[in-house]
>>> print(open('protein13.cif').read())   # mmCIF, C-alpha atoms and all ligand atoms
data_work
loop_
_atom_site.label_atom_id
_atom_site.label_comp_id
_atom_site.auth_asym_id
_atom_site.auth_seq_id
_atom_site.Cartn_x
_atom_site.Cartn_y
_atom_site.Cartn_z
CA MET L 1382 119.72 64.15 170.86
CA PRO L 1383 121.52 64.34 167.50
CA GLU L 1384 125.21 63.60 167.63
CA LYS L 1385 127.54 66.48 167.07
CA VAL L 1386 128.98 66.35 163.58
CA PRO L 1387 132.76 66.55 163.76
CA ASP L 1388 134.86 68.30 161.21
CA ILE L 1389 137.04 65.77 159.50
CA GLN L 1390 140.06 68.05 159.39
CA THR L 1391 140.02 69.72 162.77
CA ASP L 1392 138.15 67.79 165.39
CA PRO L 1393 140.81 66.24 165.78
CA PRO L 1394 141.81 65.23 162.23
CA VAL L 1395 141.17 61.66 161.17
CA GLU L 1396 144.37 60.13 159.85
CA ILE L 1397 144.31 57.37 157.27
CA GLN L 1398 146.81 55.43 159.33
CA GLN L 1399 144.52 55.53 162.40
CA ILE L 1400 141.74 53.93 160.37
CA LEU L 1401 144.09 51.29 158.98
CA ASP L 1402 145.26 50.58 162.53
CA GLY L 1403 141.64 49.95 163.48
CA ASP L 1404 141.35 52.98 165.77
CA VAL L 1405 137.73 52.87 166.87
CA MET L 1406 137.41 56.55 167.75
CA ALA L 1407 138.85 57.63 164.39
CA GLY L 1408 136.58 55.16 162.59
CA ALA L 1409 133.51 56.46 164.41
CA ARG L 1410 134.45 60.05 163.58
CA LEU L 1411 134.90 59.30 159.91
CA ILE L 1412 131.56 57.46 159.81
CA ARG L 1413 129.82 60.45 161.37
CA CYS L 1414 131.31 62.65 158.65
CA ILE L 1415 130.02 60.20 156.03
CA GLU L 1416 126.53 60.36 157.50
CA ALA L 1417 126.68 64.14 157.50
CA GLY L 1418 127.51 64.07 153.79
CA ASP L 1419 130.81 65.89 154.26
CA PRO L 1420 132.37 66.06 150.77
CA ALA L 1421 135.85 65.91 152.33
CA THR L 1422 135.29 62.22 153.09
CA ALA L 1423 135.57 61.30 149.40
CA ARG L 1424 139.31 61.91 149.34
CA MET L 1425 139.85 59.80 152.46
CA LEU L 1426 137.65 57.00 151.19
CA GLY L 1427 139.68 57.03 148.00
CA GLN L 1428 142.84 56.54 150.04
CA LEU L 1429 141.27 53.75 152.09
CA TYR L 1430 139.90 51.96 149.04
CA PRO L 1431 143.10 50.10 148.07
CA HIS L 1432 143.32 48.72 151.63
CA ALA L 1433 139.78 47.35 151.61
CA GLY L 1434 138.24 44.36 149.87
CA ASN L 1435 139.18 41.72 152.43
CA ALA L 1436 136.02 41.67 154.52
CA PHE L 1437 133.19 39.25 153.94
CA VAL L 1438 130.01 41.33 153.76
CA ILE L 1439 126.77 39.72 154.87
CA GLY L 1440 123.30 41.26 154.57
CA ILE L 1441 120.41 40.32 156.84
CA THR L 1442 117.16 41.52 155.36
CA GLY L 1443 113.50 40.83 156.05
CA PRO L 1444 110.30 42.49 157.22
CA PRO L 1445 110.14 44.79 160.26
CA GLY L 1446 110.26 42.95 163.55
CA ALA L 1447 111.43 39.64 162.03
CA GLY L 1448 114.25 39.57 164.55
CA LYS L 1449 117.07 40.79 162.31
CA SER L 1450 118.89 42.77 165.00
CA THR L 1451 118.51 39.99 167.57
CA LEU L 1452 119.79 37.52 165.01
CA ILE L 1453 122.76 39.71 164.15
CA SER L 1454 123.64 39.93 167.82
CA ALA L 1455 123.56 36.12 168.04
CA LEU L 1456 125.60 35.84 164.85
CA ILE L 1457 128.23 38.16 166.28
CA THR L 1458 128.59 35.79 169.24
CA MET L 1459 129.08 32.83 166.90
CA PHE L 1460 131.56 34.59 164.62
CA ARG L 1461 133.52 35.80 167.64
CA LYS L 1462 133.75 32.20 168.87
CA LYS L 1463 135.30 31.37 165.51
CA ASN L 1464 137.77 34.22 166.02
CA PHE L 1465 136.46 36.58 163.39
CA SER L 1466 136.21 40.28 164.17
CA VAL L 1467 132.83 41.73 163.22
CA GLY L 1468 131.60 45.15 162.10
CA VAL L 1469 127.89 45.91 161.87
CA VAL L 1470 126.04 48.61 159.96
CA ALA L 1471 122.38 48.73 160.96
CA VAL L 1472 120.10 51.16 159.17
CA ASP L 1473 116.89 52.00 160.91
CA PRO L 1474 113.70 53.75 159.88
CA SER L 1475 113.54 55.47 163.28
CA SER L 1476 111.37 58.34 162.06
CA HIS L 1477 107.95 57.21 163.18
CA LYS L 1478 109.38 55.66 166.29
CA THR L 1479 110.88 58.88 167.63
CA GLY L 1480 114.39 57.58 167.27
CA GLY L 1481 113.53 54.45 169.24
CA ALA L 1482 114.67 52.01 166.61
CA VAL L 1483 118.31 53.00 166.69
CA LEU L 1484 118.25 52.85 170.42
CA GLY L 1485 116.56 49.45 170.13
CA ASP L 1486 119.42 48.14 168.04
CA ARG L 1487 121.97 49.39 170.51
CA VAL L 1488 120.12 47.63 173.30
CA ARG L 1489 119.78 44.38 171.35
CA MET L 1490 123.42 44.36 170.44
CA GLN L 1491 124.83 45.85 173.64
CA ALA L 1492 126.00 42.45 174.85
CA HIS L 1493 129.03 43.10 172.65
CA ALA L 1494 129.74 46.59 173.95
CA GLY L 1495 132.98 45.73 175.71
CA ASP L 1496 134.36 43.52 172.94
CA LYS L 1497 137.18 45.15 170.95
CA GLY L 1498 136.59 42.74 168.08
CA VAL L 1499 133.13 44.15 167.48
CA PHE L 1500 132.13 47.53 166.05
CA ILE L 1501 128.44 48.35 165.76
CA ARG L 1502 127.15 51.40 163.97
CA SER L 1503 123.46 52.22 163.79
CA MET L 1504 122.32 54.82 161.30
CA ALA L 1505 118.99 56.55 161.42
CA ALA L 1506 117.60 56.51 157.89
CA ARG L 1507 116.48 60.09 158.30
CA GLY L 1508 119.70 61.38 159.73
CA VAL L 1509 121.83 60.56 156.71
CA ALA L 1510 122.65 63.22 154.15
CA GLY L 1511 123.35 62.33 150.54
CA GLY L 1512 121.63 58.96 150.32
CA LEU L 1513 121.47 56.00 152.59
CA ALA L 1514 122.84 53.54 150.08
CA ARG L 1515 125.97 55.58 149.73
CA ALA L 1516 126.43 56.11 153.47
CA ALA L 1517 126.01 52.39 154.18
CA ARG L 1518 128.41 51.46 151.44
CA ASP L 1519 131.02 54.00 152.52
CA THR L 1520 130.69 52.87 156.14
CA CYS L 1521 131.35 49.30 155.02
CA LEU L 1522 134.48 50.52 153.27
CA VAL L 1523 135.70 52.14 156.49
CA LEU L 1524 135.02 48.98 158.53
CA ASP L 1525 136.71 46.89 155.85
CA ALA L 1526 139.79 49.14 155.90
CA MET L 1527 139.79 49.01 159.71
CA GLY L 1528 140.33 45.30 159.33
CA TYR L 1529 137.05 43.71 160.39
CA ASP L 1530 136.87 40.21 158.97
CA ILE L 1531 133.11 40.10 158.65
CA ILE L 1532 130.73 42.99 158.14
CA ILE L 1533 127.01 42.51 158.69
CA VAL L 1534 124.53 44.97 157.19
CA GLU L 1535 120.96 45.31 158.40
CA PRO L 1536 118.97 47.46 155.97
CA VAL L 1537 115.72 49.18 156.88
CA GLY L 1538 113.18 46.43 157.55
CA SER L 1539 110.70 46.77 154.74
CA GLY L 1540 107.77 44.74 153.60
CA GLN L 1541 108.91 45.37 150.07
CA ALA L 1542 111.89 43.84 148.40
CA ASP L 1543 115.01 45.51 149.56
CA LEU L 1544 116.99 44.72 146.50
CA GLU L 1545 119.36 47.62 146.78
CA ILE L 1546 121.27 45.70 149.42
CA THR L 1547 122.28 43.13 146.83
CA THR L 1548 124.64 45.68 145.33
CA LEU L 1549 126.48 45.92 148.62
CA VAL L 1550 126.74 42.46 150.18
CA HIS L 1551 128.47 39.24 149.17
CA SER L 1552 125.96 37.00 150.87
CA LEU L 1553 122.34 37.84 151.59
CA GLY L 1554 120.20 36.15 154.23
CA LEU L 1555 116.46 36.67 154.12
CA VAL L 1556 114.64 36.36 157.44
CA ALA L 1557 111.05 35.16 157.51
CA ILE L 1558 108.92 34.33 160.53
CA PRO L 1559 106.39 31.54 160.91
CA GLY L 1560 102.75 32.06 160.08
CA THR L 1561 103.06 35.41 158.35
CA GLY L 1562 103.47 34.47 154.72
CA ASP L 1563 106.67 36.53 154.76
CA GLY L 1564 108.50 33.94 152.75
CA ILE L 1565 105.93 34.00 149.97
CA GLN L 1566 105.79 37.78 149.97
CA ALA L 1567 109.53 38.02 149.68
CA VAL L 1568 109.59 35.55 146.84
CA LYS L 1569 106.93 37.52 145.01
CA ALA L 1570 109.00 40.63 145.48
CA GLY L 1571 111.94 39.08 143.69
CA LEU L 1572 114.02 38.02 146.64
CA LEU L 1573 114.06 34.35 145.73
CA GLU L 1574 116.72 35.02 143.15
CA ALA L 1575 118.54 37.54 145.30
CA ALA L 1576 118.79 35.67 148.60
CA ASP L 1577 121.64 33.23 149.20
CA LEU L 1578 120.20 31.88 152.43
CA PHE L 1579 116.71 31.71 153.85
CA ILE L 1580 116.24 31.92 157.58
CA VAL L 1581 113.07 31.00 159.42
CA ASN L 1582 113.55 32.88 162.68
CA LYS L 1583 111.36 32.66 165.80
CA ASN L 1584 111.22 28.91 165.32
CA ASP L 1585 109.84 28.75 168.85
CA LEU L 1586 106.54 30.04 167.44
CA PRO L 1587 103.93 27.74 165.86
CA GLY L 1588 104.15 27.16 162.13
CA ALA L 1589 107.96 27.16 161.82
CA GLY L 1590 107.98 23.70 160.23
CA SER L 1591 105.53 24.56 157.49
CA GLU L 1592 107.30 27.87 156.78
CA MET L 1593 110.52 25.90 156.29
CA MET L 1594 108.81 23.45 153.96
CA THR L 1595 107.29 26.23 151.88
CA LEU L 1596 110.64 27.94 151.46
CA GLU L 1597 112.49 24.71 150.73
CA HIS L 1598 109.93 23.89 148.09
CA LEU L 1599 110.30 27.30 146.46
CA VAL L 1600 114.08 27.09 146.49
CA GLN L 1601 114.00 23.68 144.85
CA GLN L 1602 111.80 25.01 142.08
CA ARG L 1603 114.34 27.62 141.20
CA SER L 1604 115.88 26.78 137.89
CA LEU L 1605 119.48 26.17 138.72
CA GLU L 1606 122.37 26.03 136.36
CA PRO L 1607 125.05 23.47 137.16
CA ASP L 1608 127.58 24.55 139.79
CA THR L 1609 125.38 27.26 141.23
CA TRP L 1610 124.79 27.73 144.93
CA GLN L 1611 121.68 26.06 146.25
CA PRO L 1612 120.34 28.44 148.93
CA PRO L 1613 119.83 26.53 152.17
CA VAL L 1614 116.92 27.17 154.54
CA ALA L 1615 117.99 27.60 158.17
CA SER L 1616 115.84 27.57 161.26
CA THR L 1617 116.76 29.80 164.18
CA CYS L 1618 115.61 31.15 167.48
CA ALA L 1619 117.59 34.37 167.71
CA ARG L 1620 116.48 34.91 171.30
CA THR L 1621 118.14 31.76 172.57
CA GLY L 1622 120.76 31.43 169.83
CA GLU L 1623 119.46 28.05 168.74
CA GLY L 1624 120.43 27.25 165.16
CA VAL L 1625 122.62 30.35 164.85
CA ASP L 1626 125.87 28.37 164.97
CA ARG L 1627 124.76 26.45 161.88
CA LEU L 1628 123.65 29.69 160.26
CA ALA L 1629 127.10 31.21 160.77
CA ASP L 1630 128.61 28.09 159.17
CA LEU L 1631 126.23 28.35 156.22
CA PHE L 1632 127.37 31.90 155.54
CA LEU L 1633 131.00 30.78 155.68
CA ASP L 1634 130.19 27.85 153.37
CA HIS L 1635 128.68 30.28 150.92
CA ARG L 1636 131.81 32.41 150.99
CA GLN L 1637 133.96 29.34 150.37
CA PHE L 1638 131.72 28.28 147.52
CA MET L 1639 131.99 31.72 145.92
CA LYS L 1640 135.76 31.69 146.29
CA ASN L 1641 136.09 28.23 144.79
CA ASN L 1642 133.98 29.20 141.81
CA GLN L 1643 135.44 32.66 141.21
CA VAL L 1644 131.99 34.07 141.95
CA LEU L 1645 133.21 36.37 144.70
CA GLU L 1646 135.63 38.19 142.44
CA LYS L 1647 133.00 38.69 139.76
CA LYS L 1648 130.50 39.90 142.33
CA GLN L 1649 132.99 42.41 143.68
CA THR L 1650 133.77 43.69 140.19
CA ASP L 1651 130.08 44.03 139.32
CA GLN L 1652 129.34 45.77 142.59
CA ALA L 1653 132.24 48.17 142.13
CA GLY L 1654 130.77 49.08 138.71
CA ASP L 1655 127.31 49.58 140.21
CA TYR L 1656 128.67 51.74 142.95
CA PHE L 1657 130.72 53.79 140.51
CA ASN L 1658 127.48 54.44 138.63
CA THR L 1659 125.79 55.57 141.88
CA LEU L 1660 128.70 57.86 142.71
CA VAL L 1661 128.80 59.50 139.31
CA ARG L 1662 125.03 60.01 139.28
CA GLN L 1663 125.08 61.54 142.69
CA MET L 1664 128.04 63.79 141.95
CA VAL L 1665 126.37 65.00 138.75
CA MET L 1666 123.04 65.54 140.50
CA ASP L 1667 124.74 67.43 143.34
CA ARG L 1668 125.91 69.91 140.74
CA ILE L 1669 122.86 70.00 138.51
CA ASP L 1670 120.18 70.32 141.21
CA PRO L 1671 121.16 73.80 142.43
CA TRP L 1672 121.59 74.94 138.83
CA VAL L 1673 118.06 73.77 137.92
CA ASP L 1674 116.73 75.51 141.03
CA ARG L 1675 118.33 78.77 139.94
CA GLN L 1676 116.95 78.45 136.40
CA VAL L 1677 113.43 77.77 137.65
CA THR L 1678 113.54 80.69 140.06
CA ALA L 1679 114.76 82.98 137.29
CA PHE L 1680 112.07 81.66 134.95
CA LEU L 1681 109.29 82.38 137.43
CA ASP L 1682 110.49 85.92 137.81
CA THR L 1683 107.79 87.48 135.65
CA ALA L 1684 104.06 87.51 136.36
CA GLU L 1685 103.44 86.43 132.77
CA GLN L 1686 105.45 83.25 133.14
CA GLN L 1687 103.88 82.51 136.51
CA ALA L 1688 100.46 82.75 134.87
CA ALA L 1689 101.54 80.39 132.09
CA VAL L 1690 102.73 77.86 134.67
CA THR L 1691 99.50 78.12 136.62
CA ALA L 1692 97.50 77.55 133.43
CA ASP L 1693 99.46 74.52 132.21
CA PRO L 1694 102.50 73.47 134.25
CA TYR L 1695 103.12 70.37 132.10
CA ARG L 1696 103.52 72.16 128.80
CA VAL L 1697 105.64 74.97 130.22
CA ALA L 1698 107.81 72.54 132.23
CA GLN L 1699 108.40 70.49 129.10
CA LYS L 1700 109.50 73.57 127.17
CA LEU L 1701 111.80 74.77 129.92
CA ALA L 1702 113.21 71.27 130.40
CA ASP L 1703 113.95 71.04 126.67
CA ARG L 1704 115.69 74.39 126.74
CA LEU L 1705 117.75 73.56 129.82
CA THR L 1706 118.79 70.18 128.47
CA ARG L 1707 119.93 71.79 125.23
CA SER L 1708 121.86 74.45 127.10
CA LEU L 1709 123.56 71.85 129.32
CA ARG L 1710 125.98 71.28 126.47
CA ASP L 1711 127.73 74.58 126.91
CA VAL L 1712 126.76 75.76 130.33
CA THR L 1713 129.10 76.00 133.27
CA ILE L 1714 126.98 74.41 135.91
CA TYR L 1715 128.68 75.62 139.03
N1 LIG H 1801 109.82 34.49 170.09
C1 LIG H 1801 110.88 35.03 169.50
N2 LIG H 1801 111.02 36.36 169.47
C2 LIG H 1801 112.10 36.87 168.85
C3 LIG H 1801 113.09 36.06 168.25
N3 LIG H 1801 114.02 36.84 167.70
C4 LIG H 1801 113.66 38.12 167.96
N4 LIG H 1801 112.51 38.14 168.67
C5 LIG H 1801 111.80 39.32 169.15
O1 LIG H 1801 111.22 40.01 168.05
C6 LIG H 1801 111.19 41.41 168.33
C7 LIG H 1801 111.84 42.17 167.19
O2 LIG H 1801 113.21 41.85 167.17
P1 LIG H 1801 114.28 42.75 166.41
O3 LIG H 1801 115.58 42.01 166.50
O4 LIG H 1801 114.25 44.15 166.84
O5 LIG H 1801 113.71 42.68 164.94
P2 LIG H 1801 114.19 43.51 163.65
O6 LIG H 1801 113.85 42.67 162.49
O7 LIG H 1801 115.58 43.95 163.81
O8 LIG H 1801 113.22 44.76 163.74
P3 LIG H 1801 113.33 46.14 162.90
O9 LIG H 1801 114.78 46.51 162.83
O10 LIG H 1801 112.50 47.11 163.71
O11 LIG H 1801 112.73 45.84 161.56
C8 LIG H 1801 111.90 41.60 169.66
O12 LIG H 1801 110.94 41.71 170.66
C9 LIG H 1801 112.71 40.33 169.80
O13 LIG H 1801 112.95 39.98 171.16
C10 LIG H 1801 112.91 34.63 168.31
O14 LIG H 1801 113.71 33.84 167.79
N5 LIG H 1801 111.79 34.18 168.94
MG MG H 1802 116.48 45.88 163.66
#
>>> encode(input="protein13.cif", output="structure tokens", more="lines below")
Ligand SMILES: Nc1nc2c(ncn2[C@@H]2O[C@H](COP(=O)(O)OP(=O)(O)OP(=O)(O)O)[C@@H](O)[C@H]2O)c(=O)[nH]1
Ligand SMILES: [Mg+2]
Amino acid sequence: MPEKVPDIQTDPPVEIQQILDGDVMAGARLIRCIEAGDPATARMLGQLYPHAGNAFVIGITGPPGAGKSTLISALITMFRKKNFSVGVVAVDPSSHKTGGAVLGDRVRMQAHAGDKGVFIRSMAARGVAGGLARAARDTCLVLDAMGYDIIIVEPVGSGQADLEITTLVHSLGLVAIPGTGDGIQAVKAGLLEAADLFIVNKNDLPGAGSEMMTLEHLVQQRSLEPDTWQPPVASTCARTGEGVDRLADLFLDHRQFMKNNQVLEKKQTDQAGDYFNTLVRQMVMDRIDPWVDRQVTAFLDTAEQQAAVTADPYRVAQKLADRLTRSLRDVTIY
């Protein structure tokens, strides 16, 4: 059943101070408003922004079923042992699985349900208004402002490169499983340059050793400039937790490396620029889309124009597009 969407101002109101104090109920309410695309969240996010920027944001990407959620659950355990608080944003396809995927994540991560130092939010890819990338990013901002030390993001498991996540996380782990050629596929898709850590999960299955060797070989072939991070290849069994302690340490090593080399700051600045671009685009499109709809409807008002469109939609669309673009200069869009 879909969750009821609260009204940010009335239901009861979410106060900035509650979020900064780490109030879980207030945080969850604000995140639901973000998912619902409530424009009123922008003002609050703007107020939270100066208080964020302290969390270390990790991405765990890889093909569907690679064990990302199970691995994240095991990572939470390790980070908790090291006294870090952890927020998780897991995005799930969930459409073709009748909502089962989100539920699946909750089950896999439920071991942490009673732990106040852990906040897990699953988002159904379909249930998010106004773009998943934006909702995930804004949710990270909320968790960051709530004071979580580490935030882990699980994007939709996709066979294709999920490069969008690189604009959100500080450190990206790519999960591959033995005997599938996942590693090679990911490399082909451009993730060799994007990933900071490679993880061969399900190392209890046959072929883990050769998967590791393949990835190590590929990483070594990467042309590295001096003083750049050499992505390590970790081997884990997320089910038992084997190797996950070392994996947690590798992520922390990467953070330290980025801090020592001023890479983290640069990454954050670049990502803020990217996100600003996304925001502006979306805000412009939010205004332009309804205007274009109105223009098209008005254009199709006569039978003559309908006939012209039926005869050659490309030519007529081009002409109308030219006219609308010209008129954008002096039109009041909304
Ligand atoms: N044998 C083995 N199975 C594992 C391991 N880690 C996870 N699994 C199993 O793999 C299946 C998928 O695990 P998930 O954690 O849901 O994988 P995921 O990558 O999050 O899946 P999606 O979010 O649907 O893409 C589950 O049945 C897990 O129990 C492992 O290390 N070894
Ligand atoms: Mg998952």
>>> residues_around(input="protein13.cif", residues="Ala1653 in chain L", least_positions_apart="3", cutoff="12 Å", atoms="only C-alpha atoms", output="list in words")
Tyr1430, Gly1434, Arg1518, Asp1519, Leu1522, Thr1548, Leu1549, Val1550, His1551, Glu1646, Lys1647, Lys1648, Gln1649, Thr1650, Tyr1656, Phe1657, Asn1658, Thr1659 and Leu1660 of chain L
>>> residues_near_point(input="protein13.cif", point="(140.0, 48.9, 158.0)", cutoff="8 Å", atoms="all atoms listed in the file", output="ChimeraX atom specification")
/L:1400-1403,1429,1432-1433,1522-1529
>>> write_last_selection(input="protein13.cif", atoms="C-alpha atoms", output="PDB file, in the coordinates of the input")
ATOM      1  CA  ILE L1400     141.740  53.930 160.370  1.00  0.00           C
ATOM      2  CA  LEU L1401     144.090  51.290 158.980  1.00  0.00           C
ATOM      3  CA  ASP L1402     145.260  50.580 162.530  1.00  0.00           C
ATOM      4  CA  GLY L1403     141.640  49.950 163.480  1.00  0.00           C
ATOM      5  CA  LEU L1429     141.270  53.750 152.090  1.00  0.00           C
ATOM      6  CA  HIS L1432     143.320  48.720 151.630  1.00  0.00           C
ATOM      7  CA  ALA L1433     139.780  47.350 151.610  1.00  0.00           C
ATOM      8  CA  LEU L1522     134.480  50.520 153.270  1.00  0.00           C
ATOM      9  CA  VAL L1523     135.700  52.140 156.490  1.00  0.00           C
ATOM     10  CA  LEU L1524     135.020  48.980 158.530  1.00  0.00           C
ATOM     11  CA  ASP L1525     136.710  46.890 155.850  1.00  0.00           C
ATOM     12  CA  ALA L1526     139.790  49.140 155.900  1.00  0.00           C
ATOM     13  CA  MET L1527     139.790  49.010 159.710  1.00  0.00           C
ATOM     14  CA  GLY L1528     140.330  45.300 159.330  1.00  0.00           C
ATOM     15  CA  TYR L1529     137.050  43.710 160.390  1.00  0.00           C
TER      16      TYR L1529
END
>>> closest_residue(input="protein13.cif", among="L:Ile1531, L:Leu1426, L:Ala1471, L:Met1406", to="ligand MG 1802 (chain H)", atoms="all atoms listed in the file")
L:Ala1471
>>> residues_around(input="protein13.cif", residues="Gln1611 in chain L", least_positions_apart="3", cutoff="12 Å", atoms="only C-alpha atoms", output="ChimeraX atom specification")
/L:1573-1579,1597,1599-1608,1614,1631,1634-1635,1638-1639
>>> atom_distance(input="protein13.cif", atom1="CA of Val1534 in chain L", atom2="CA of Arg1668 in chain L")
29.9 Å
>>> axis_aligned_box(input="protein13.cif", around="ligand LIG 1801 (chain H)", padding_each_side="8 Å", output="JSON")
{"center_x": 112.7, "center_y": 40.5, "center_z": 166.4, "size_x": 21.8, "size_y": 29.3, "size_z": 25.6}
>>> closest_residue(input="protein13.cif", among="L:Thr1547, L:Thr1621, L:Ser1552, L:Gln1399", to="ligand LIG 1801 (chain H)", atoms="all atoms listed in the file")
L:Thr1621
>>> atom_distance(input="protein13.cif", atom1="CA of Ala1421 in chain L", atom2="CA of Val1405 in chain L")
19.6 Å
>>> atom_distance(input="protein13.cif", atom1="CA of Ala1514 in chain L", atom2="CA of Pro1536 in chain L")
9.3 Å
>>> closest_residue(input="protein13.cif", among="L:Val1665, L:Met1594, L:Ala1517, L:Leu1452", to="ligand MG 1802 (chain H)", atoms="only C-alpha atoms and all ligand atoms")
L:Leu1452
>>> closest_residue(input="protein13.cif", among="L:Leu1513, L:Ile1453, L:Ile1439, L:Ala1698", to="Gly1554 in chain L", atoms="all atoms listed in the file")
L:Ile1439
>>> closest_residue(input="protein13.cif", among="L:Ala1409, L:Val1537, L:Met1666, L:Ala1689", to="ligand MG 1802 (chain H)", atoms="all atoms listed in the file")
L:Val1537
>>> closest_residue(input="protein13.cif", among="L:Arg1627, L:Lys1497, L:Lys1700, L:Lys1583", to="ligand LIG 1801 (chain H)", atoms="all atoms listed in the file")
L:Lys1583
>>> residues_near_point(input="protein13.cif", point="(135.5, 35.1, 149.6)", cutoff="8 Å", atoms="only C-alpha atoms", output="list in words")
Phe1437, Arg1636, Gln1637, Met1639, Lys1640, Leu1645 and Glu1646 of chain L
>>> write_last_selection(input="protein13.cif", atoms="C-alpha atoms", output="PDB file, keeping the file's coordinate frame")
ATOM      1  CA  PHE L1437     133.190  39.250 153.940  1.00  0.00           C
ATOM      2  CA  ARG L1636     131.810  32.410 150.990  1.00  0.00           C
ATOM      3  CA  GLN L1637     133.960  29.340 150.370  1.00  0.00           C
ATOM      4  CA  MET L1639     131.990  31.720 145.920  1.00  0.00           C
ATOM      5  CA  LYS L1640     135.760  31.690 146.290  1.00  0.00           C
ATOM      6  CA  LEU L1645     133.210  36.370 144.700  1.00  0.00           C
ATOM      7  CA  GLU L1646     135.630  38.190 142.440  1.00  0.00           C
TER       8      GLU L1646
END
